[in-house]
Amino acid sequence: MVRKLIISALILIPLTAICQNDSKLWYKKPASTWTEALPVGNGRLGAMVFGGVKEELIQLNEATLWTGGPVRKNVNPKAYANLLLAREALFKDEDYTKANEYTKNMQGYYSESYFPLGDLIISQHFRDSEPSAYYRDLNTKEAILTTRFTIDGTEFTRQMISSAADQVIVIRLTANKPGRLNLKLKTRNPLTYTNTVISNSEIAMRGKSPSHLEPNYVRSDKPMVADDTAGCKGVRYELRVKATSNGGTISSDTSGVTIVNASEALIFLSAATSFNGFDKCPDSEGKDEKKLASQYLNAAIKKGWTSLFKSHTADFHKYFNRVSFKLAVPANNKNASLPTDERLIGYTEGAKDPELEMLYYQYGRYLLISSSRPGGVPANLQGIWNKEVRPPWSSNYTTNINAQMNYWPAEVTNLSEMHLPFIEFIKNTSVTGKAIANDFYHAKGWAVHHNSDIWALANPVGDLGKGDPMWANWTMGSPWLSQHLWWHYEFTQDKKYLKETAYPLMKGAAQFCIDFLVEDKKGRLVTAPSVSPENAFIDDKGKPGTVSVATTMDMQIIWDLFTNLIEASKVLNEDEAFRELITEKRSKLFPLQIGKKGNLQEWYKDWEDVDPKHRHVSHLFGLYPGRQIAPITTPSFAEASKKTLELRGDDGTGWSLAWKINFWARLLDGNHAYKMIRTLLRPTGQKGTNYSKGGGSYANLFDAHPPFQIDGNFGSIAGMTEMMLQSHLGEIHLLAAMPDEWTEGSVKGLKARGNFTVEMNWKDKKLTKAIIFSNAGGDCKIRTAYPVKVSGAASKSLKTDYGYINTFTTVKGKKYTISI
């Protein structure tokens, strides 16, 4: 009898029966902390909404409000001399401690910080009765927040959007009884600001960001420089708040805007800054933030809520609706009916909840659309959502993985346009990085290090020797960033972009690598000094160290860049001489090595780690996001990678867990990848900064490092996509690493390299049907677990150790159906 009950509980509901539990985050109470609040954003304006009853807190951000200004020049004239000394210590003496000290002397200044715009507080006046029927949600399909409650016998509703179409945030307040809306709108900012009355229904908050702010991890008696006498630092901002109402009266003074006895009200928030580019003085060369904020606002208030919401959803749906992801769900999935915070707990305790996994996947896409839009700046370490004056790690662009991880899902989840701000950022860093390559290394091309910011900082950070080289002096920023330039071409097949943008930038990164590489005693090309990001080794003498020669990640990143550049040169049919040069250089790169434990070595020598469970697994770059290692092409190194992951363990920070989803997917182990998804979706408290363990998800499904970092949200959905579809080996691998838990499902709209759009249905983990749409034409190669038929094209089928390969030629604009 017990066995029958268990079987009954596992009966699956057909895909068509899946309800809204896969599209909404919802809660039965207001947020008590920032990581319980809910995010909206239009790529530029962001808000975290708490859902309070008598006092609603809306924490605001504008993506270009950063401290500082254009980067300084010639920041460390002694850097090159110390480079030579560090190399002498490494090669002549093998003195890693001395090399570490010389490398520290190659540092420049810290990056600047992303700054909060401030808060809007809505104080709503009621009698003393307590609210009932409280509810708040974020609808990821419509990109709208709703808060609803009943008090004093009246139901009050707040709806909120951040519209990219109209470049404003709009809040709609309604009551189901006339004349019951009584409230006051107030603004505030952590630093000095002024409030100005624009009209009887509109106020403006104005201020300026600090000219410099030390990172939160630096101890300083005076971490903030409020102003700069040079006049070229500190970004001006303006926030406009305007209210309109149906019924009632509106008045304003410097303390805020007051609405009395209204039945419905619209609140418009418009903001702008003087930021005018990474190389422009935000004061003398800045944009007119007052004019911009006013223009956005005045255009929006001419429209009613219905029109604003329609244009908002049309814009959002254009991107979001491209991808559909459905899993069959267990019958009577009680966990899915719980509020999201409780649902997360039940899931961690073992509940099967595929709808939560579907929600999390599309939530990640929602966050990317909301924090990165064409024409804007890229998503930073926290997307566009930050409340701290000194945010964690400056909320900057951390280029030893985190900035790149933000954009891992951009192409594969059909959000290629959201990749463009990052590509523009890469262009900017190539400009500042050219000076750094020349000044620090006497090298051609461009160089970027561990941290950057909106000003495209490229120097090693550390404030002239105060930083630890294990992170501050990592040199591989430009070749890793270049991977994204190549990816955008692979997925779009845009040869004009490849020729005019990607190829020149990739070549510049390769020129830096060529000049930075030196030969070891055996004539192999190595990097020196070299670090494996944020990790440390124990050398032959039993001493801990961080600076050495030819760390595995360095060599893999350079191999990846050279390989991509060789292919790009062939596509363009040009620059043959340079292609031959990097082909020859690639053949001499220090090779991958397997250590005594059967693992892939991280270091030049087979050293032990100071922290064997370290959160970074940098030496598996060649497995993901690179393509140097794969079970199909390099089985021995794939097996060594698996051993490495087993030794590292399955714990880690939130973004580390996300990276491991991708690793296991690339190893074609769907069950282990799925295990990492469940580990990442474990509830994490508000406190704790154990950077090696404790990662998971907050109540609002933000990734917990801890603290919050958005890269884990983005990296995890990239990994979930890799489980379903892979295309990095020149073939489209359908259902590449499916877990046992995803027995039946469908996905539509994923992208594969070659600019193919893919749709798949499966049952019992077996493909039942797939449709491949060719957006660019050309040859297509698919890999499946079982023999398939391709309709609409003549295909050749080949059996391999990893399933079956079908190759066929496609016509641009045509669909091809794959069936069993």
# chains A, B, ... in the order shown; residues from 1 in each chain; ligands from 1
$ closest_atom_pairs --of "stretch 485-592 of chain A" --to "stretch 730-749 of chain A" --cutoff "12 Å" --atoms "only C-alpha atoms" --output "tab-separated table"
residue	atom	partner	partner_atom	distance
A:Glu490	CA	A:Gly730	CA	10.2
A:Phe491	CA	A:Gly730	CA	11.8
A:Glu567	CA	A:Gly730	CA	11.7
$ write_last_selection --atoms "N, CA and C atoms" --output "PDB file, in the first residue's frame"
ATOM      1  N   GLU A 490      30.110  34.225 -32.893  1.00  0.00           N
ATOM      2  CA  GLU A 490      29.697  32.839 -33.112  1.00  0.00           C
ATOM      3  C   GLU A 490      28.175  32.696 -33.118  1.00  0.00           C
ATOM      4  N   PHE A 491      27.514  33.411 -32.221  1.00  0.00           N
ATOM      5  CA  PHE A 491      26.070  33.263 -32.100  1.00  0.00           C
ATOM      6  C   PHE A 491      25.296  34.127 -33.091  1.00  0.00           C
ATOM      7  N   GLU A 567      40.595  31.122 -35.831  1.00  0.00           N
ATOM      8  CA  GLU A 567      39.344  30.862 -36.529  1.00  0.00           C
ATOM      9  C   GLU A 567      38.750  32.143 -37.109  1.00  0.00           C
TER      10      GLU A 567
END
$ closest_residue --among "A:Ala673, A:Arg678, A:Gln493, A:Ala262" --to "A:Asn775" --atoms "only C-alpha atoms"
A:Gln493
$ closest_residue --among "A:Gly622, A:Pro70, A:Gly247, A:Gly51" --to "A:Leu145" --atoms "only C-alpha atoms"
A:Gly51
$ residues_around --residues "A:Arg136" --least-positions-apart "4" --cutoff "10 Å" --atoms "only C-alpha atoms" --output "ChimeraX atom specification"
/A:24-31,38,49-52,145-149,157-159,339
$ write_last_selection --atoms "N, CA and C atoms" --output "PDB file, in the first residue's frame"
ATOM      1  N   LYS A  24       6.103  33.624 -10.830  1.00  0.00           N
ATOM      2  CA  LYS A  24       5.979  34.669  -9.817  1.00  0.00           C
ATOM      3  C   LYS A  24       6.757  34.341  -8.544  1.00  0.00           C
ATOM      4  N   LEU A  25       7.471  35.343  -8.046  1.00  0.00           N
ATOM      5  CA  LEU A  25       7.975  35.302  -6.684  1.00  0.00           C
ATOM      6  C   LEU A  25       6.918  36.014  -5.843  1.00  0.00           C
ATOM      7  N   TRP A  26       6.435  35.366  -4.757  1.00  0.00           N
ATOM      8  CA  TRP A  26       5.415  36.028  -3.956  1.00  0.00           C
ATOM      9  C   TRP A  26       5.603  35.735  -2.469  1.00  0.00           C
ATOM     10  N   TYR A  27       5.031  36.617  -1.627  1.00  0.00           N
ATOM     11  CA  TYR A  27       5.283  36.570  -0.187  1.00  0.00           C
ATOM     12  C   TYR A  27       4.041  37.031   0.576  1.00  0.00           C
ATOM     13  N   LYS A  28       3.946  36.570   1.809  1.00  0.00           N
ATOM     14  CA  LYS A  28       2.792  36.904   2.649  1.00  0.00           C
ATOM     15  C   LYS A  28       3.086  38.047   3.620  1.00  0.00           C
ATOM     16  N   LYS A  29       4.272  38.622   3.508  1.00  0.00           N
ATOM     17  CA  LYS A  29       4.637  39.702   4.422  1.00  0.00           C
ATOM     18  C   LYS A  29       5.618  40.642   3.726  1.00  0.00           C
ATOM     19  N   PRO A  30       5.740  41.872   4.223  1.00  0.00           N
ATOM     20  CA  PRO A  30       6.702  42.804   3.648  1.00  0.00           C
ATOM     21  C   PRO A  30       8.141  42.319   3.883  1.00  0.00           C
ATOM     22  N   ALA A  31       9.059  42.851   3.119  1.00  0.00           N
ATOM     23  CA  ALA A  31      10.476  42.527   3.316  1.00  0.00           C
ATOM     24  C   ALA A  31      10.984  43.205   4.576  1.00  0.00           C
ATOM     25  N   LEU A  38      12.169  43.100  -3.556  1.00  0.00           N
ATOM     26  CA  LEU A  38      12.065  42.609  -4.920  1.00  0.00           C
ATOM     27  C   LEU A  38      12.576  43.643  -5.920  1.00  0.00           C
ATOM     28  N   VAL A  49      12.141  46.981  -3.867  1.00  0.00           N
ATOM     29  CA  VAL A  49      10.860  47.356  -3.285  1.00  0.00           C
ATOM     30  C   VAL A  49      10.560  46.445  -2.101  1.00  0.00           C
ATOM     31  N   PHE A  50      10.299  47.048  -0.940  1.00  0.00           N
ATOM     32  CA  PHE A  50      10.129  46.301   0.297  1.00  0.00           C
ATOM     33  C   PHE A  50       8.682  45.889   0.548  1.00  0.00           C
ATOM     34  N   GLY A  51       7.714  46.615   0.019  1.00  0.00           N
ATOM     35  CA  GLY A  51       6.324  46.235   0.212  1.00  0.00           C
ATOM     36  C   GLY A  51       5.762  46.561   1.571  1.00  0.00           C
ATOM     37  N   GLY A  52       6.270  47.597   2.219  1.00  0.00           N
ATOM     38  CA  GLY A  52       5.728  47.983   3.520  1.00  0.00           C
ATOM     39  C   GLY A  52       4.316  48.520   3.409  1.00  0.00           C
ATOM     40  N   LEU A 145       5.727  44.603 -10.341  1.00  0.00           N
ATOM     41  CA  LEU A 145       5.603  44.299  -8.919  1.00  0.00           C
ATOM     42  C   LEU A 145       4.211  44.695  -8.442  1.00  0.00           C
ATOM     43  N   THR A 146       3.642  43.881  -7.562  1.00  0.00           N
ATOM     44  CA  THR A 146       2.329  44.177  -6.990  1.00  0.00           C
ATOM     45  C   THR A 146       2.375  43.968  -5.475  1.00  0.00           C
ATOM     46  N   THR A 147       1.846  44.934  -4.755  1.00  0.00           N
ATOM     47  CA  THR A 147       1.633  44.794  -3.308  1.00  0.00           C
ATOM     48  C   THR A 147       0.155  45.060  -3.039  1.00  0.00           C
ATOM     49  N   ARG A 148      -0.465  44.185  -2.238  1.00  0.00           N
ATOM     50  CA  ARG A 148      -1.909  44.316  -1.993  1.00  0.00           C
ATOM     51  C   ARG A 148      -2.206  43.972  -0.530  1.00  0.00           C
ATOM     52  N   PHE A 149      -3.080  44.752   0.079  1.00  0.00           N
ATOM     53  CA  PHE A 149      -3.483  44.469   1.458  1.00  0.00           C
ATOM     54  C   PHE A 149      -4.801  45.186   1.734  1.00  0.00           C
ATOM     55  N   THR A 157      -3.908  48.656  -3.426  1.00  0.00           N
ATOM     56  CA  THR A 157      -3.019  47.959  -4.358  1.00  0.00           C
ATOM     57  C   THR A 157      -1.956  48.929  -4.865  1.00  0.00           C
ATOM     58  N   ARG A 158      -0.714  48.450  -4.887  1.00  0.00           N
ATOM     59  CA  ARG A 158       0.379  49.199  -5.510  1.00  0.00           C
ATOM     60  C   ARG A 158       0.970  48.345  -6.620  1.00  0.00           C
ATOM     61  N   GLN A 159       1.137  48.919  -7.784  1.00  0.00           N
ATOM     62  CA  GLN A 159       1.786  48.250  -8.912  1.00  0.00           C
ATOM     63  C   GLN A 159       2.969  49.104  -9.357  1.00  0.00           C
ATOM     64  N   PRO A 339       4.554  30.494  -0.413  1.00  0.00           N
ATOM     65  CA  PRO A 339       5.302  31.712  -0.707  1.00  0.00           C
ATOM     66  C   PRO A 339       6.758  31.355  -1.013  1.00  0.00           C
TER      67      PRO A 339
END
$ closest_residue --among "A:Ser111, A:Ile151, A:Lys660, A:Asp669" --to "A:Glu130" --atoms "only C-alpha atoms"
A:Ile151
$ atom_distance --atom1 "atom CA of A:Tyr296" --atom2 "atom CA of A:Met205"
15.4 Å
$ closest_atom_pairs --of "stretch 320-416 of chain A" --to "stretch 430-452 of chain A" --cutoff "10 Å" --atoms "only C-alpha atoms" --output "JSON lines"
{"residue": "A:Asn380", "atom": "CA", "partner": "A:Ser452", "partner_atom": "CA", "distance": 9.9}
{"residue": "A:Trp393", "atom": "CA", "partner": "A:Asn451", "partner_atom": "CA", "distance": 9.3}
{"residue": "A:Ser394", "atom": "CA", "partner": "A:Asn451", "partner_atom": "CA", "distance": 9.6}
{"residue": "A:Asn396", "atom": "CA", "partner": "A:Ser452", "partner_atom": "CA", "distance": 6.3}
{"residue": "A:Tyr397", "atom": "CA", "partner": "A:Ser452", "partner_atom": "CA", "distance": 5.0}
{"residue": "A:Thr398", "atom": "CA", "partner": "A:Asn451", "partner_atom": "CA", "distance": 4.7}
{"residue": "A:Thr399", "atom": "CA", "partner": "A:His450", "partner_atom": "CA", "distance": 5.2}
{"residue": "A:Asn400", "atom": "CA", "partner": "A:His450", "partner_atom": "CA", "distance": 5.4}
{"residue": "A:Ile401", "atom": "CA", "partner": "A:His450", "partner_atom": "CA", "distance": 8.9}
{"residue": "A:Asn402", "atom": "CA", "partner": "A:His450", "partner_atom": "CA", "distance": 9.9}
{"residue": "A:Ala403", "atom": "CA", "partner": "A:Asn451", "partner_atom": "CA", "distance": 9.3}
$ closest_atom_pairs --of "stretch 657-771 of chain A" --to "stretch 636-650 of chain A" --cutoff "10 Å" --atoms "only C-alpha atoms" --output "CSV"
residue,atom,partner,partner_atom,distance
A:Leu657,CA,A:Asp650,CA,7.3
A:Lys660,CA,A:Asp650,CA,7.9
A:Ile661,CA,A:Asp650,CA,9.9
A:Phe663,CA,A:Leu645,CA,8.4
A:Trp664,CA,A:Lys642,CA,8.0
A:Arg666,CA,A:Ala638,CA,9.1
A:Leu667,CA,A:Ala638,CA,6.8
A:Asp669,CA,A:Lys642,CA,9.9
A:His672,CA,A:Asp650,CA,9.3
A:Lys675,CA,A:Asp650,CA,8.7
A:Met676,CA,A:Asp650,CA,7.1
A:Thr679,CA,A:Asp650,CA,8.2
A:Lys693,CA,A:Asp650,CA,9.7
$ write_last_selection --atoms "N, CA and C atoms" --output "tab-separated table (two decimals), in the first residue's frame"
chain	number	residue	atom	x	y	z
A	657	LEU	N	29.30	27.83	-6.83
A	657	LEU	CA	28.35	26.75	-7.09
A	657	LEU	C	27.80	26.85	-8.51
A	660	LYS	N	30.25	25.53	-10.98
A	660	LYS	CA	30.31	24.07	-10.94
A	660	LYS	C	29.14	23.42	-11.70
A	661	ILE	N	28.00	24.10	-11.77
A	661	ILE	CA	26.93	23.58	-12.63
A	661	ILE	C	27.44	23.46	-14.06
A	663	PHE	N	30.59	23.28	-15.09
A	663	PHE	CA	31.65	22.26	-15.19
A	663	PHE	C	31.05	20.87	-15.37
A	664	TRP	N	30.11	20.54	-14.50
A	664	TRP	CA	29.55	19.19	-14.55
A	664	TRP	C	28.71	18.98	-15.81
A	666	ARG	N	29.44	20.34	-18.71
A	666	ARG	CA	30.42	20.11	-19.77
A	666	ARG	C	31.05	18.72	-19.66
A	667	LEU	N	31.05	18.15	-18.47
A	667	LEU	CA	31.52	16.76	-18.31
A	667	LEU	C	30.42	15.77	-18.64
A	669	ASP	N	27.67	15.19	-17.14
A	669	ASP	CA	27.12	14.56	-15.94
A	669	ASP	C	25.95	15.41	-15.44
A	672	HIS	N	25.05	15.33	-11.56
A	672	HIS	CA	25.88	16.12	-10.66
A	672	HIS	C	25.63	17.61	-10.87
A	675	LYS	N	22.62	18.37	-8.96
A	675	LYS	CA	22.94	18.44	-7.52
A	675	LYS	C	23.43	19.84	-7.15
A	676	MET	N	24.23	20.45	-8.04
A	676	MET	CA	24.74	21.78	-7.76
A	676	MET	C	23.61	22.83	-7.84
A	679	THR	N	21.97	22.64	-4.57
A	679	THR	CA	22.83	23.24	-3.54
A	679	THR	C	22.76	24.75	-3.60
A	693	LYS	N	32.55	28.92	1.95
A	693	LYS	CA	31.34	28.10	2.10
A	693	LYS	C	30.15	29.02	2.34
$ closest_residue --among "A:Ser113, A:Ser569, A:Ser395, A:Thr633" --to "A:Asp801" --atoms "only C-alpha atoms"
A:Thr633
$ residues_around --residues "stretch 206-218 of chain A" --least-positions-apart "6" --cutoff "8 Å" --atoms "only C-alpha atoms" --output "PyMOL selection string"
chain A and resi 65-69+110-113+115+192-196+224-228+233-239+390-394
$ residues_around --residues "A:Val547" --least-positions-apart "3" --cutoff "9 Å" --atoms "only C-alpha atoms" --output "PyMOL selection string"
chain A and resi 90+96-97+99-100+103+469-470+528-532+536-537
$ select_by_dssp --residues "stretch 146-180 of chain A" --states "strand (DSSP E or B)" --output "PDB file with C-alpha atoms, in the first residue's frame"
ATOM      1  CA  THR A 146       2.329  44.177  -6.990  1.00  0.00           C
ATOM      2  CA  THR A 147       1.633  44.794  -3.308  1.00  0.00           C
ATOM      3  CA  ARG A 148      -1.909  44.316  -1.993  1.00  0.00           C
ATOM      4  CA  PHE A 149      -3.483  44.469   1.458  1.00  0.00           C
ATOM      5  CA  THR A 150      -6.730  45.365   3.199  1.00  0.00           C
ATOM      6  CA  ILE A 151      -6.887  47.888   6.011  1.00  0.00           C
ATOM      7  CA  THR A 154     -10.415  49.090   2.081  1.00  0.00           C
ATOM      8  CA  GLU A 155      -8.256  47.075  -0.297  1.00  0.00           C
ATOM      9  CA  PHE A 156      -5.155  48.976  -1.384  1.00  0.00           C
ATOM     10  CA  THR A 157      -3.019  47.959  -4.358  1.00  0.00           C
ATOM     11  CA  ARG A 158       0.379  49.199  -5.510  1.00  0.00           C
ATOM     12  CA  GLN A 159       1.786  48.250  -8.912  1.00  0.00           C
ATOM     13  CA  MET A 160       5.240  49.210 -10.106  1.00  0.00           C
ATOM     14  CA  ILE A 161       7.202  49.005 -13.359  1.00  0.00           C
ATOM     15  CA  SER A 162      10.591  50.234 -14.503  1.00  0.00           C
ATOM     16  CA  SER A 163       9.963  51.001 -18.143  1.00  0.00           C
ATOM     17  CA  VAL A 168      10.887  56.042 -16.013  1.00  0.00           C
ATOM     18  CA  ILE A 169       9.718  54.112 -12.991  1.00  0.00           C
ATOM     19  CA  VAL A 170       5.951  54.303 -12.529  1.00  0.00           C
ATOM     20  CA  ILE A 171       3.993  53.369  -9.413  1.00  0.00           C
ATOM     21  CA  ARG A 172       0.232  53.040  -9.544  1.00  0.00           C
ATOM     22  CA  LEU A 173      -1.698  53.226  -6.261  1.00  0.00           C
ATOM     23  CA  THR A 174      -5.376  52.334  -6.105  1.00  0.00           C
ATOM     24  CA  ALA A 175      -8.069  51.777  -3.479  1.00  0.00           C
TER      25      ALA A 175
END
$ decode --residues "stretch 116-218 of chain A" --atoms "C-alpha atoms" --output "mmCIF file, in the first residue's frame"
data_model
loop_
_atom_site.group_PDB
_atom_site.id
_atom_site.type_symbol
_atom_site.label_atom_id
_atom_site.label_comp_id
_atom_site.auth_asym_id
_atom_site.auth_seq_id
_atom_site.Cartn_x
_atom_site.Cartn_y
_atom_site.Cartn_z
ATOM 1 C CA PRO A 116 23.169 54.414 -4.514
ATOM 2 C CA LEU A 117 20.799 57.018 -5.937
ATOM 3 C CA GLY A 118 18.823 57.131 -2.713
ATOM 4 C CA ASP A 119 15.397 56.161 -1.420
ATOM 5 C CA LEU A 120 11.791 57.002 -2.067
ATOM 6 C CA ILE A 121 9.614 56.582 1.023
ATOM 7 C CA ILE A 122 5.848 56.361 0.668
ATOM 8 C CA SER A 123 4.208 57.083 4.018
ATOM 9 C CA GLN A 124 0.576 56.000 3.733
ATOM 10 C CA HIS A 125 -1.848 57.184 6.378
ATOM 11 C CA PHE A 126 -4.457 54.842 7.906
ATOM 12 C CA ARG A 127 -6.299 54.502 11.146
ATOM 13 C CA ASP A 128 -4.709 52.277 13.765
ATOM 14 C CA SER A 129 -6.120 48.984 12.487
ATOM 15 C CA GLU A 130 -3.733 46.289 11.277
ATOM 16 C CA PRO A 131 -3.665 45.100 7.656
ATOM 17 C CA SER A 132 -5.085 41.768 6.498
ATOM 18 C CA ALA A 133 -4.924 39.716 3.289
ATOM 19 C CA TYR A 134 -1.369 40.930 2.676
ATOM 20 C CA TYR A 135 0.260 39.846 -0.583
ATOM 21 C CA ARG A 136 3.198 40.992 -2.717
ATOM 22 C CA ASP A 137 4.747 39.523 -5.835
ATOM 23 C CA LEU A 138 7.085 39.972 -8.768
ATOM 24 C CA ASN A 139 5.641 38.715 -12.035
ATOM 25 C CA THR A 140 8.699 37.863 -14.116
ATOM 26 C CA LYS A 141 6.640 37.416 -17.300
ATOM 27 C CA GLU A 142 5.184 40.925 -17.149
ATOM 28 C CA ALA A 143 8.036 42.641 -15.250
ATOM 29 C CA ILE A 144 5.665 44.175 -12.709
ATOM 30 C CA LEU A 145 5.603 44.299 -8.919
ATOM 31 C CA THR A 146 2.329 44.177 -6.990
ATOM 32 C CA THR A 147 1.633 44.794 -3.308
ATOM 33 C CA ARG A 148 -1.909 44.316 -1.993
ATOM 34 C CA PHE A 149 -3.483 44.469 1.458
ATOM 35 C CA THR A 150 -6.730 45.365 3.199
ATOM 36 C CA ILE A 151 -6.887 47.888 6.011
ATOM 37 C CA ASP A 152 -9.689 49.980 7.462
ATOM 38 C CA GLY A 153 -12.086 47.945 5.319
ATOM 39 C CA THR A 154 -10.415 49.090 2.081
ATOM 40 C CA GLU A 155 -8.256 47.075 -0.297
ATOM 41 C CA PHE A 156 -5.155 48.976 -1.384
ATOM 42 C CA THR A 157 -3.019 47.959 -4.358
ATOM 43 C CA ARG A 158 0.379 49.199 -5.510
ATOM 44 C CA GLN A 159 1.786 48.250 -8.912
ATOM 45 C CA MET A 160 5.240 49.210 -10.106
ATOM 46 C CA ILE A 161 7.202 49.005 -13.359
ATOM 47 C CA SER A 162 10.591 50.234 -14.503
ATOM 48 C CA SER A 163 9.963 51.001 -18.143
ATOM 49 C CA ALA A 164 12.744 50.848 -20.720
ATOM 50 C CA ALA A 165 10.333 52.116 -23.349
ATOM 51 C CA ASP A 166 9.669 55.349 -21.444
ATOM 52 C CA GLN A 167 12.815 55.462 -19.241
ATOM 53 C CA VAL A 168 10.887 56.042 -16.013
ATOM 54 C CA ILE A 169 9.718 54.112 -12.991
ATOM 55 C CA VAL A 170 5.951 54.303 -12.529
ATOM 56 C CA ILE A 171 3.993 53.369 -9.413
ATOM 57 C CA ARG A 172 0.232 53.040 -9.544
ATOM 58 C CA LEU A 173 -1.698 53.226 -6.261
ATOM 59 C CA THR A 174 -5.376 52.334 -6.105
ATOM 60 C CA ALA A 175 -8.069 51.777 -3.479
ATOM 61 C CA ASN A 176 -11.335 49.947 -3.980
ATOM 62 C CA LYS A 177 -13.192 52.736 -2.191
ATOM 63 C CA PRO A 178 -13.105 56.372 -3.343
ATOM 64 C CA GLY A 179 -11.013 59.009 -1.610
ATOM 65 C CA ARG A 180 -9.037 56.591 0.592
ATOM 66 C CA LEU A 181 -5.500 57.359 -0.643
ATOM 67 C CA ASN A 182 -3.643 59.612 1.815
ATOM 68 C CA LEU A 183 0.130 59.568 1.566
ATOM 69 C CA LYS A 184 3.376 61.492 1.457
ATOM 70 C CA LEU A 185 6.350 60.930 -0.836
ATOM 71 C CA LYS A 186 9.797 61.696 0.553
ATOM 72 C CA THR A 187 13.295 61.253 -0.880
ATOM 73 C CA ARG A 188 16.645 60.824 0.795
ATOM 74 C CA ASN A 189 20.263 60.028 -0.044
ATOM 75 C CA PRO A 190 23.117 58.873 2.213
ATOM 76 C CA LEU A 191 25.164 61.997 1.368
ATOM 77 C CA THR A 192 24.406 65.695 1.188
ATOM 78 C CA TYR A 193 21.639 66.565 -1.260
ATOM 79 C CA THR A 194 19.104 69.280 -1.936
ATOM 80 C CA ASN A 195 15.370 69.057 -2.508
ATOM 81 C CA THR A 196 13.856 71.548 -4.918
ATOM 82 C CA VAL A 197 10.171 72.180 -5.521
ATOM 83 C CA ILE A 198 9.434 72.075 -9.259
ATOM 84 C CA SER A 199 5.638 72.435 -9.020
ATOM 85 C CA ASN A 200 2.808 71.700 -6.622
ATOM 86 C CA SER A 201 3.085 68.022 -7.606
ATOM 87 C CA GLU A 202 6.781 67.584 -8.345
ATOM 88 C CA ILE A 203 10.101 67.754 -6.508
ATOM 89 C CA ALA A 204 13.707 67.150 -7.513
ATOM 90 C CA MET A 205 16.524 65.682 -5.420
ATOM 91 C CA ARG A 206 19.965 66.781 -6.564
ATOM 92 C CA GLY A 207 23.453 65.835 -5.513
ATOM 93 C CA LYS A 208 26.864 64.537 -6.499
ATOM 94 C CA SER A 209 28.724 61.303 -5.903
ATOM 95 C CA PRO A 210 32.071 61.361 -4.065
ATOM 96 C CA SER A 211 35.160 62.023 -6.162
ATOM 97 C CA HIS A 212 36.781 58.925 -4.652
ATOM 98 C CA LEU A 213 35.776 56.066 -2.376
ATOM 99 C CA GLU A 214 38.058 53.384 -0.980
ATOM 100 C CA PRO A 215 36.794 49.787 -1.382
ATOM 101 C CA ASN A 216 34.859 48.366 1.549
ATOM 102 C CA TYR A 217 37.655 45.866 2.281
ATOM 103 C CA VAL A 218 40.247 48.630 2.808
#
